Each structure stands twice: as C-alpha cells, then as structure tokens.
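Text of input37.txt (compact mmCIF, C-alpha atoms) as supplied:
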```txt
# COMPACT_ATOMS: atom_id res chain seq x y z
CA MET A 1 0.00 0.00 0.00
CA LEU A 2 1.35 3.41 -0.95
CA PRO A 3 1.36 6.23 1.57
CA SER A 4 -0.90 9.18 0.87
CA TRP A 5 0.58 11.65 -1.56
CA ASN A 6 0.70 15.24 -0.37
CA LYS A 7 0.95 17.54 -3.42
CA ASN A 8 2.77 20.14 -1.31
CA GLU A 9 5.67 17.72 -0.73
CA LYS A 10 6.42 16.97 -4.38
CA ARG A 11 9.06 18.52 -6.60
CA ARG A 12 7.96 20.33 -9.72
CA THR A 13 9.25 20.99 -13.18
CA THR A 14 7.39 22.59 -16.06
CA PHE A 15 6.71 21.39 -19.59
CA PHE A 16 5.32 23.71 -22.26
CA PRO A 17 3.20 21.82 -24.81
CA GLY A 18 2.11 24.24 -27.53
CA GLU A 19 0.26 27.20 -26.06
CA GLY A 20 -0.52 25.60 -22.68
CA LYS A 21 1.61 24.53 -19.79
CA VAL A 22 1.73 21.18 -17.99
CA LEU A 23 3.20 20.97 -14.50
CA VAL A 24 5.01 17.76 -13.68
CA ASP A 25 5.10 16.97 -9.97
CA VAL A 26 7.70 14.32 -9.16
CA ASP A 27 7.40 12.50 -5.86
CA ASP A 28 11.03 12.17 -4.78
CA GLU A 29 10.24 9.05 -2.73
CA VAL A 30 11.13 5.69 -4.34
CA TYR A 31 8.64 2.89 -3.68
CA GLU A 32 8.67 -0.89 -3.97
CA CYS A 33 7.09 -2.19 -7.14
CA GLU A 34 3.91 -4.21 -6.99
CA ASN A 35 5.65 -7.34 -8.32
CA SER A 36 7.40 -8.33 -5.05
CA LEU A 37 10.88 -7.65 -6.46
CA PRO A 38 13.32 -5.96 -4.07
CA ILE A 39 14.14 -2.28 -4.47
CA ALA A 40 17.17 -1.69 -6.69
CA ALA A 41 20.60 -1.35 -5.10
CA VAL A 42 20.86 2.22 -6.39
CA LEU A 43 20.02 4.91 -3.86
CA PHE A 44 18.50 8.09 -5.26
CA SER A 45 17.32 9.24 -1.82
CA ASN A 46 20.23 11.66 -1.47
CA LEU A 47 19.12 13.66 -4.51
CA GLU A 48 17.45 17.05 -4.11
CA TYR A 49 15.19 18.41 -6.83
CA THR A 50 14.73 22.20 -7.00
CA LEU A 51 13.60 24.83 -9.46
CA ASP A 52 16.14 27.52 -10.21
CA ASP A 53 15.22 31.17 -10.85
CA ASP A 54 14.44 30.34 -14.50
CA LYS A 55 12.05 27.53 -13.41
CA VAL A 56 14.42 24.83 -14.66
CA LEU A 57 14.49 21.60 -12.65
CA THR A 58 17.94 21.24 -11.11
CA ILE A 59 19.25 18.10 -9.40
CA ASN A 60 21.89 18.09 -6.68
CA GLY A 61 23.21 15.29 -4.52
CA ARG A 62 24.52 11.80 -4.95
CA ILE A 63 23.58 8.45 -6.41
CA ASP A 64 24.95 5.53 -4.39
CA ILE A 65 25.46 2.02 -5.75
CA THR A 66 24.95 -0.39 -2.83
CA ASP A 67 25.62 -3.68 -4.65
CA ASP A 68 27.45 -4.80 -7.81
CA TYR A 69 25.91 -4.36 -11.27
CA GLU A 70 27.69 -6.53 -13.86
CA ALA A 71 26.94 -6.65 -17.58
CA PRO A 72 24.51 -7.29 -18.98
CA ILE A 73 22.34 -4.75 -17.15
CA GLY A 74 18.78 -5.00 -18.42
CA LEU A 75 16.14 -2.33 -17.95
CA ASN A 76 12.41 -2.81 -18.34
CA PHE A 77 10.67 0.57 -18.04
CA SER A 78 6.88 0.67 -17.89
CA THR A 79 4.13 3.00 -16.74
CA GLN A 80 0.62 2.97 -15.33
CA HIS A 81 -1.87 5.83 -15.55
CA LEU A 82 -4.78 6.36 -13.16
CA GLU A 83 -7.88 6.65 -15.37
CA ARG A 84 -11.35 7.03 -13.84
CA GLY A 85 -10.16 5.51 -10.56
CA GLU A 86 -8.41 2.48 -12.10
CA TRP A 87 -4.73 1.91 -12.83
CA ARG A 88 -4.25 1.10 -16.53
CA THR A 89 -1.16 0.19 -18.50
CA GLY A 90 0.46 3.42 -19.65
CA VAL A 91 1.59 4.27 -23.16
CA PHE A 92 5.26 4.61 -22.21
CA SER A 93 7.45 1.53 -22.02
CA SER A 94 10.87 0.38 -23.09
CA LEU A 95 12.82 -2.87 -22.82
CA ILE A 96 16.60 -2.64 -22.96
CA LYS A 97 18.31 -6.03 -22.87
CA ASP A 98 21.74 -4.57 -22.12
CA PHE A 99 22.11 -0.94 -21.10
CA CYS A 100 25.94 -1.10 -21.04
CA PRO A 101 26.72 -0.74 -24.78
CA ASP A 102 24.29 2.18 -25.06
CA ILE A 103 25.29 4.24 -22.01
CA LEU A 104 26.85 6.91 -24.23
CA ASN A 105 24.68 6.49 -27.31
CA PRO A 106 23.53 10.04 -28.21
CA MET A 107 20.40 8.60 -29.86
CA LYS A 108 19.09 7.21 -26.56
CA PRO A 109 16.80 9.21 -24.24
CA TRP A 110 19.08 8.84 -21.21
CA TYR A 111 22.13 10.31 -22.97
CA PHE A 112 21.63 13.84 -21.58
CA VAL A 113 22.12 12.33 -18.09
CA THR A 114 24.67 9.58 -18.76
CA LYS A 115 27.06 11.87 -20.64
CA THR A 116 27.61 13.76 -17.36
CA LEU A 117 28.49 10.67 -15.29
CA ASN A 118 32.02 10.10 -14.01
CA GLN A 119 31.79 6.40 -14.86
CA THR A 120 30.32 5.59 -18.25
CA LYS A 121 31.26 1.90 -18.58
CA CYS A 122 30.00 -1.26 -16.91
CA PRO A 123 30.40 -2.82 -14.41
CA TYR A 124 29.18 -0.59 -11.58
CA LYS A 125 30.62 -1.85 -8.33
CA LYS A 126 29.25 -1.62 -4.81
CA GLY A 127 30.36 1.67 -3.23
CA HIS A 128 30.41 3.64 -6.49
CA VAL A 129 29.04 7.18 -6.13
CA GLU A 130 27.95 9.65 -8.80
CA ILE A 131 27.63 13.32 -7.83
CA MET A 132 24.97 15.50 -9.43
CA ASP A 133 26.10 19.10 -9.01
CA ASP A 134 23.57 21.62 -10.34
CA PHE A 135 22.50 19.20 -13.07
CA LYS A 136 19.93 21.02 -15.21
CA TYR A 137 17.16 18.54 -15.96
CA GLY A 138 15.36 21.27 -17.82
CA THR A 139 12.15 22.58 -19.24
CA TYR A 140 10.97 20.85 -22.38
CA GLY A 141 8.66 21.73 -25.25
CA VAL A 142 6.78 18.44 -25.51
CA PRO A 143 3.20 18.09 -26.74
CA ILE A 144 1.13 16.42 -24.02
CA PRO A 145 -2.48 15.53 -24.87
CA PHE A 146 -5.16 16.31 -22.29
CA ASN A 147 -5.87 12.60 -21.64
CA MET A 148 -2.28 12.21 -20.38
CA LEU A 149 -2.90 14.47 -17.40
CA GLY A 150 -3.26 12.86 -13.99
CA GLU A 151 -1.36 10.47 -11.78
CA TRP A 152 1.29 8.11 -13.15
CA LYS A 153 3.44 5.32 -11.77
CA LEU A 154 6.87 4.77 -13.36
CA PHE A 155 8.39 1.29 -12.96
CA TRP A 156 12.13 0.65 -13.41
CA GLU A 157 12.83 -3.10 -13.36
CA ILE A 158 16.57 -3.83 -13.47
CA SER A 159 18.20 -7.19 -14.16
CA THR A 160 21.91 -7.84 -13.60
CA LYS A 161 24.42 -10.52 -12.82
CA ARG A 162 25.68 -10.90 -9.24
CA ASN A 163 27.97 -13.71 -8.16
CA GLY A 164 27.21 -15.53 -11.43
CA GLN A 165 23.41 -15.39 -10.91
CA MET A 166 20.87 -13.16 -12.66
CA VAL A 167 18.89 -11.02 -10.21
CA LYS A 168 15.95 -8.66 -10.72
CA GLU A 169 15.08 -5.52 -8.76
CA CYS A 170 12.46 -2.83 -9.23
CA ASN A 171 11.81 0.79 -8.23
CA MET A 172 8.57 2.69 -8.64
CA GLN A 173 8.19 6.45 -8.67
CA ARG A 174 5.01 8.52 -8.80
CA VAL A 175 4.46 11.51 -11.06
CA PHE A 176 1.45 13.82 -11.39
CA LEU A 177 0.76 15.81 -14.59
CA THR A 178 -1.51 18.83 -14.13
CA ASP A 179 -2.76 21.53 -16.47
CA GLY A 180 -0.78 24.65 -15.60
```
Step by step, read the file and then write its structure as structure tokens.
Amino acid sequence: MLPSWNKNEKRRTTFFPGEGKVLVDVDDEVYECENSLPIAAVLFSNLEYTLDDDKVLTINGRIDITDDYEAPIGLNFSTQHLERGEWRTGVFSSLIKDFCPDILNPMKPWYFVTKTLNQTKCPYKKGHVEIMDDFKYGTYGVPIPFNMLGEWKLFWEISTKRNGQMVKECNMQRVFLTDG
C-alpha cells in the first residue's frame, strides 16, 4: 500500500506543450514495485530536486550504488496511468536487454544524463558514487495531450548478474501531470 501523496511535498518541473503549460510533480520518494521484487541497489534518496530562478528543474546530490551491477544490465521501463479511478497500462514503455553498450549512445533518451556521469562503462561496483552538481534537468517543449494528465506510476525493473546469478530488482516512482 502506498502512503498518501501530499501535493505540497512533491518537486515540480514545467513542460510547455504548444500554447498551454503542464506541470510535472515528481514524488522524490522511491517505492517498492507491486511485483514483489526488491528495491534496486541504487540509492536516489540523497538527490534534491529544485527549481532555479528560470524555473528549470535542477538536481543536486549523490547516487549511491549499494551492490554490484555486472553486464549485462537490463532495464524494463513501464508506466501505469490512473484513469477514472483504475490503474491502466500506460503508453510509455521500453525494454533494454543490455544498457551497457548504449550508455553513451547520443540517440538514446538517457544520454543527456549519462554523458555527465564520471563512470560511463560497466560494471558498476558496490560503493560507487555519482555526484549531481547543479545538473539542469530542464524545461521541455513536448506536446502532451489532455488525456495524459493525472497520476502516473513509473516502474524501473533492473536485471543484472551478481555472483554468477541473474537477479531482478524494481523501483517505482510517482508523477502527477496537471494543467498549468
């Protein structure tokens, strides 16, 4: 069961689709997924999300790796959208069988983040830390249809090799899109 979500406690960034504005509230808490997998051994809890004077989302803090991640590192990203009181499969999803060869691929959506990392090659070992120092996440001109507004769950299922065995972990984060 998820704790109640207080809109005043969320972080906010702004998207500008066409003439209107959509506010994106990101709950900075990471939750367990609903599939009984353990939370990933990557701690994002030390990150702080703020808006700078130009209303650009800025990230500061650290990302801590608390267990080894050996290649291949798989990523299964999926979403759910709350529609008329029911959670439905969202339109956004992606399955990456091995993230490692594409960490620095400029054609991938994560490139704007991964190009700033200190370590850009697998494996990621327990104890590794990445520092985000005034990382500008940004304001984006993205068309967002009205039916996309509302509450979303983002699921990040990670698979990796540890001690010769494949393991799976999962993080869930909540996001709320509102008409601004």
Quote the spacing between CA of Tyr137 (chain A) and CA of Asp52 (chain A) in Å to one decimal place.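 Computing the Euclidean distance for CA of Tyr137 (chain A) and CA of Asp52 (chain A) yields 10.7 Å.
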Residue nearest Thr120 (chain A) - candidates A:Cys100, A:Ile144, A:Val42, A:Cys33, atoms counted: all atoms listed in the file: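 Smallest distance to Thr120 (chain A) is found for A:Cys100.
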Quick one: of A:Leu37, A:Arg162, A:Pro101, A:Thr66, who's nearest to Lys126 (chain A), counting all atoms listed in the file?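 Ranked by minimum distance to Lys126 (chain A), first place goes to A:Thr66.
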Under the rule that only C-alpha atoms are counted, which of A:Trp110, A:Phe92, A:Phe99, A:Tyr69 is the nearest residue to Gly127 (chain A)? A:Tyr69
Tell me, as a VMD selection string, which residues lie within 7 Å of Thr160 (chain A), counting all atoms listed in the file; anything in the same chain fewer than 3 positions away does not count. chain A and resid 69 to 74 166 to 168
Name the closest residue to Phe146 (chain A) among the candidates A:Val22, A:Val30, A:Leu95, A:Asn35; distances are taken between atoms, counting all atoms listed in the file. A:Val22
How far is it from CA of Glu34 (chain A) to CA of Leu82 (chain A), in Å with one decimal? 15.0 Å
For the point (21.0, 10.2, -19.4) in file coordinates, what residues are within 12 Å, counting all atoms listed in the file? Give the answer as a PyMOL selection string? chain A and resi 99+102-117+120+132+135-137
Those residues with C-alpha atoms, as a PDB file, keeping the file's coordinate frame please?
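Produced file result-v2.pdb, reproduced below:
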```
ATOM      1  CA  PHE A  99      22.110  -0.940 -21.100  1.00  0.00           C
ATOM      2  CA  ASP A 102      24.290   2.180 -25.060  1.00  0.00           C
ATOM      3  CA  ILE A 103      25.290   4.240 -22.010  1.00  0.00           C
ATOM      4  CA  LEU A 104      26.850   6.910 -24.230  1.00  0.00           C
ATOM      5  CA  ASN A 105      24.680   6.490 -27.310  1.00  0.00           C
ATOM      6  CA  PRO A 106      23.530  10.040 -28.210  1.00  0.00           C
ATOM      7  CA  MET A 107      20.400   8.600 -29.860  1.00  0.00           C
ATOM      8  CA  LYS A 108      19.090   7.210 -26.560  1.00  0.00           C
ATOM      9  CA  PRO A 109      16.800   9.210 -24.240  1.00  0.00           C
ATOM     10  CA  TRP A 110      19.080   8.840 -21.210  1.00  0.00           C
ATOM     11  CA  TYR A 111      22.130  10.310 -22.970  1.00  0.00           C
ATOM     12  CA  PHE A 112      21.630  13.840 -21.580  1.00  0.00           C
ATOM     13  CA  VAL A 113      22.120  12.330 -18.090  1.00  0.00           C
ATOM     14  CA  THR A 114      24.670   9.580 -18.760  1.00  0.00           C
ATOM     15  CA  LYS A 115      27.060  11.870 -20.640  1.00  0.00           C
ATOM     16  CA  THR A 116      27.610  13.760 -17.360  1.00  0.00           C
ATOM     17  CA  LEU A 117      28.490  10.670 -15.290  1.00  0.00           C
ATOM     18  CA  THR A 120      30.320   5.590 -18.250  1.00  0.00           C
ATOM     19  CA  MET A 132      24.970  15.500  -9.430  1.00  0.00           C
ATOM     20  CA  PHE A 135      22.500  19.200 -13.070  1.00  0.00           C
ATOM     21  CA  LYS A 136      19.930  21.020 -15.210  1.00  0.00           C
ATOM     22  CA  TYR A 137      17.160  18.540 -15.960  1.00  0.00           C
TER      23      TYR A 137
END
```
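Between CA of Glu29 (chain A) and CA of Lys121 (chain A) the interatomic distance comes to 27.3 Å.
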Nearest candidate to Leu177 (chain A) (options A:Ile65, A:Val91, A:Ile39, A:Leu23; using only C-alpha atoms):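 Smallest separation from Leu177 (chain A) among the options: A:Leu23.
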Looking at A:Thr178, A:Asn60, A:Gln119, A:Ser93, which one is nearest to Asn46 (chain A), with distances taken over all atoms listed in the file?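 Smallest distance to Asn46 (chain A) is found for A:Asn60.
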Since fewer atoms than expected are present, regenerate N, CA and C atoms for region 22-46 of chain A and write them as a JSON list (two decimals), in the frame of the given file.
```
[["chain", "number", "residue", "atom", "x", "y", "z"],
["A", 22, "VAL", "N", 2.01, 22.34, -18.83],
["A", 22, "VAL", "CA", 1.73, 21.18, -17.99],
["A", 22, "VAL", "C", 2.77, 21.16, -16.88],
["A", 23, "LEU", "N", 2.29, 21.07, -15.65],
["A", 23, "LEU", "CA", 3.20, 20.97, -14.50],
["A", 23, "LEU", "C", 3.40, 19.50, -14.19],
["A", 24, "VAL", "N", 4.65, 19.14, -13.98],
["A", 24, "VAL", "CA", 5.01, 17.76, -13.68],
["A", 24, "VAL", "C", 5.51, 17.71, -12.25],
["A", 25, "ASP", "N", 4.72, 17.12, -11.37],
["A", 25, "ASP", "CA", 5.10, 16.97, -9.97],
["A", 25, "ASP", "C", 5.73, 15.60, -9.80],
["A", 26, "VAL", "N", 6.97, 15.57, -9.35],
["A", 26, "VAL", "CA", 7.70, 14.32, -9.16],
["A", 26, "VAL", "C", 7.81, 14.04, -7.67],
["A", 27, "ASP", "N", 7.26, 12.93, -7.25],
["A", 27, "ASP", "CA", 7.40, 12.50, -5.86],
["A", 27, "ASP", "C", 8.82, 11.97, -5.72],
["A", 28, "ASP", "N", 9.63, 12.59, -4.87],
["A", 28, "ASP", "CA", 11.03, 12.17, -4.78],
["A", 28, "ASP", "C", 11.23, 10.91, -3.95],
["A", 29, "GLU", "N", 10.17, 10.33, -3.44],
["A", 29, "GLU", "CA", 10.24, 9.05, -2.73],
["A", 29, "GLU", "C", 10.28, 7.91, -3.76],
["A", 30, "VAL", "N", 11.09, 6.89, -3.51],
["A", 30, "VAL", "CA", 11.13, 5.69, -4.34],
["A", 30, "VAL", "C", 10.39, 4.59, -3.59],
["A", 31, "TYR", "N", 9.47, 3.92, -4.29],
["A", 31, "TYR", "CA", 8.64, 2.89, -3.68],
["A", 31, "TYR", "C", 8.98, 1.51, -4.23],
["A", 32, "GLU", "N", 8.59, 0.47, -3.47],
["A", 32, "GLU", "CA", 8.67, -0.89, -3.97],
["A", 32, "GLU", "C", 7.67, -1.05, -5.11],
["A", 33, "CYS", "N", 8.03, -1.88, -6.06],
["A", 33, "CYS", "CA", 7.09, -2.19, -7.14],
["A", 33, "CYS", "C", 6.04, -3.16, -6.63],
["A", 34, "GLU", "N", 5.02, -3.35, -7.41],
["A", 34, "GLU", "CA", 3.91, -4.21, -6.99],
["A", 34, "GLU", "C", 4.14, -5.67, -7.39],
["A", 35, "ASN", "N", 5.36, -5.99, -7.85],
["A", 35, "ASN", "CA", 5.65, -7.34, -8.32],
["A", 35, "ASN", "C", 6.52, -8.13, -7.34],
["A", 36, "SER", "N", 6.66, -7.66, -6.12],
["A", 36, "SER", "CA", 7.40, -8.33, -5.05],
["A", 36, "SER", "C", 8.91, -8.38, -5.26],
["A", 37, "LEU", "N", 9.43, -7.70, -6.28],
["A", 37, "LEU", "CA", 10.88, -7.65, -6.46],
["A", 37, "LEU", "C", 11.47, -6.66, -5.45],
["A", 38, "PRO", "N", 12.70, -6.91, -5.00],
["A", 38, "PRO", "CA", 13.32, -5.96, -4.07],
["A", 38, "PRO", "C", 13.65, -4.63, -4.75],
["A", 39, "ILE", "N", 13.75, -3.59, -3.95],
["A", 39, "ILE", "CA", 14.14, -2.28, -4.47],
["A", 39, "ILE", "C", 15.57, -2.37, -4.98],
["A", 40, "ALA", "N", 15.85, -1.65, -6.07],
["A", 40, "ALA", "CA", 17.17, -1.69, -6.69],
["A", 40, "ALA", "C", 18.25, -1.20, -5.73],
["A", 41, "ALA", "N", 19.46, -1.70, -5.94],
["A", 41, "ALA", "CA", 20.60, -1.35, -5.10],
["A", 41, "ALA", "C", 21.26, -0.05, -5.59],
["A", 42, "VAL", "N", 20.42, 0.88, -5.99],
["A", 42, "VAL", "CA", 20.86, 2.22, -6.39],
["A", 42, "VAL", "C", 20.05, 3.19, -5.56],
["A", 43, "LEU", "N", 20.72, 3.97, -4.73],
["A", 43, "LEU", "CA", 20.02, 4.91, -3.86],
["A", 43, "LEU", "C", 19.95, 6.29, -4.50],
["A", 44, "PHE", "N", 18.73, 6.75, -4.74],
["A", 44, "PHE", "CA", 18.50, 8.09, -5.26],
["A", 44, "PHE", "C", 18.01, 9.02, -4.15],
["A", 45, "SER", "N", 17.92, 8.49, -2.93],
["A", 45, "SER", "CA", 17.32, 9.24, -1.82],
["A", 45, "SER", "C", 18.15, 10.45, -1.41],
["A", 46, "ASN", "N", 19.41, 10.50, -1.82],
["A", 46, "ASN", "CA", 20.23, 11.66, -1.47],
["A", 46, "ASN", "C", 20.16, 12.77, -2.51]]
```
